[in-house]
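Peer 1: For reference, the structure I am asking about is given below.
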Amino acid sequence: MKLSIITINFNNRDGLQKTIESVVPQAFKDFEWIVIDGGSTDGSRELIVQYSDHFAYWVSEPDKGIYHAMNKGIKVANGDYVFFLNSGDWFCDNQVLDNVFSRKTQADIVIGNYYRSTGELLNAIGELWNGVKEEITLFTFFDYTIQHSGCAFIKRCLFDEYGLYDEKLKINSDWKWFLQAIGLGKASLEKIEIPISVYDITGVSSMQVEERRKEHDLVINEIVPPRIVQDHEKYNRLLELMREQQLKARSSWTYRIGHMVMAPVKCIYKLIKNENY
């Protein structure tokens with residue numbers, strides 16, 4: 001089996017309905033679908049029962065949080081790849097999975113683009129998509145993470161090699177896992193410029209920022225060698241120094257006068273170039 005789709009849900013019946021309606025009509029059929037519900041009391045369980053013929057496995061029972069629920073899904077997954085599509089998120093169209101797997105990739109992790117539910121198209125690390133294919137390195141994970149829900153296809157065997165998600169973390173466990181597998185590990189990565197899903201940002205709380213930072217620093221100090229941390233800090237200081245020097249140069253009279261002199265020259269050059277064409 002090529003793919004295991006894992007959907008995590010807790011008291012989000014309407015969001016789960018959206019997710020279901022985007023998975024059922026997918027043209028690509030070589031997948032199993034696993035639904036892990038945290039013991040919802042809002043009608044989600046009844047909805048799961050209604051669509052149970054579409055699920056290879058489902059459970060509705062209390063859990064210890066989102067990463068515990070995700071790990072439960074991973075443990076019963078049989079696909080070559082695992083893909084998380086949490087309740088409230090949905091595929092962009094019915095051809096998404098067909099478009100991804102028609103590429104016959106061999107990469108350990110395949111990542112695409114995604115939309116926020118507010119309409120912005122972002123790349124896998126959450127930046128507005130601009131078509132630039134920047135490499136993802138260890139330093140990427142000092143400031144960013146890969147969007148795991150609705151964006152990343154992960155080989156199931158990687159969870160045997162790098163372990164499951166750290167359930168002690170409340171927010172950053174998927175970031176920690178990507179840091180270990182890609183940043184510090186040898187997992188191969190392929191980026192495809194295909195919008196995969198729409199990510200529902202409803203309920204995303206700014207109150208998590210402080211907790212996220214605490215967990216981030218804790219993990220960095222726990223698993224990243226100190227010399228690498230020091231190199232990253234030196235790199236950031238150099239970048240800041242370069243920015244300060246650029247601002248200082250642009251505020252000088254020499255720069256301003258040069259800009260005034262060159263502006264009409266550039267304008268004339270463009271006119272001549274256009275006439276030649």
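Letters A, B, ... mark the chains of the structure tokens in the order given; residue numbers begin at 1 per chain; ligand numbers begin at 1, in order shown.
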Tell me, as number ranges by chain, which residues lie within 9 Å of segment 137-154 of chain A, counting only C-alpha atoms; anything in the same chain fewer than 2 positions away does not count.
Peer 2: A: 3, 80-86, 89-91, 107-114, 123-126, 135, 156-159, 172, 174-176, 178-179, 182-184, 195-199, 216, 220, 229, 232
Peer 1: Name all residues at most 10 Å from Leu169 of chain A (count only C-alpha atoms; drop same-chain ones fewer than 5 positions away) and give them as a PyMOL selection string.
Peer 2: chain A and resi 65-67+174+176+211-212+215-216+218-219
Peer 1: Among the residues of segment 52-262 of chain A, find those DSSP assigns to helix (DSSP H, G or I) from the backbone and print them as a PyMOL selection string.
Peer 2: chain A and resi 52-54+66-76+96-101+140-143+158-162+173-183+208-223+226-250+253-262
Peer 1: Return the single residue from A:Glu210, A:Glu222, A:Glu190, A:Glu167 that is closest to Arg103 of chain A, with distances computed using only C-alpha atoms.
Peer 2: A:Glu190
Peer 1: Skip segment 48-59 of chain A itself and residues of its chain fewer than 6 positions away, then list as number ranges by chain all residues within 8 Å of it, counting only C-alpha atoms.
Peer 2: A: 24, 32-37, 76
Peer 1: List every residue of segment 12-260 of chain A that DSSP, applied to the backbone, labels as strand (DSSP E or B), and write the result as an MDAnalysis selection string.
Peer 2: chainID A and resid 31:37 57:60 81:84 90:91 109:116 121:122 128 149 152:155 189:199
Peer 1: Separation of atom CA of Ser40 of chain A and atom CA of Tyr165 of chain A, in Å?
Peer 2: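 A separation of 22.4 Å between them.
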Peer 1: Contacts of Phe101 of chain A at 9 Å or less, counting only C-alpha atoms, minus same-chain residues fewer than 5 places along, as a list in words?
Peer 2: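 Once the nearby chain positions are removed, what remains is Lys2, Phe28 and Val96 of chain A.
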Peer 1: What is the distance, in Å and to one decimal place, between atom CA of Glu161 of chain A and atom CA of Asp217 of chain A?
Peer 2: 24.0 Å
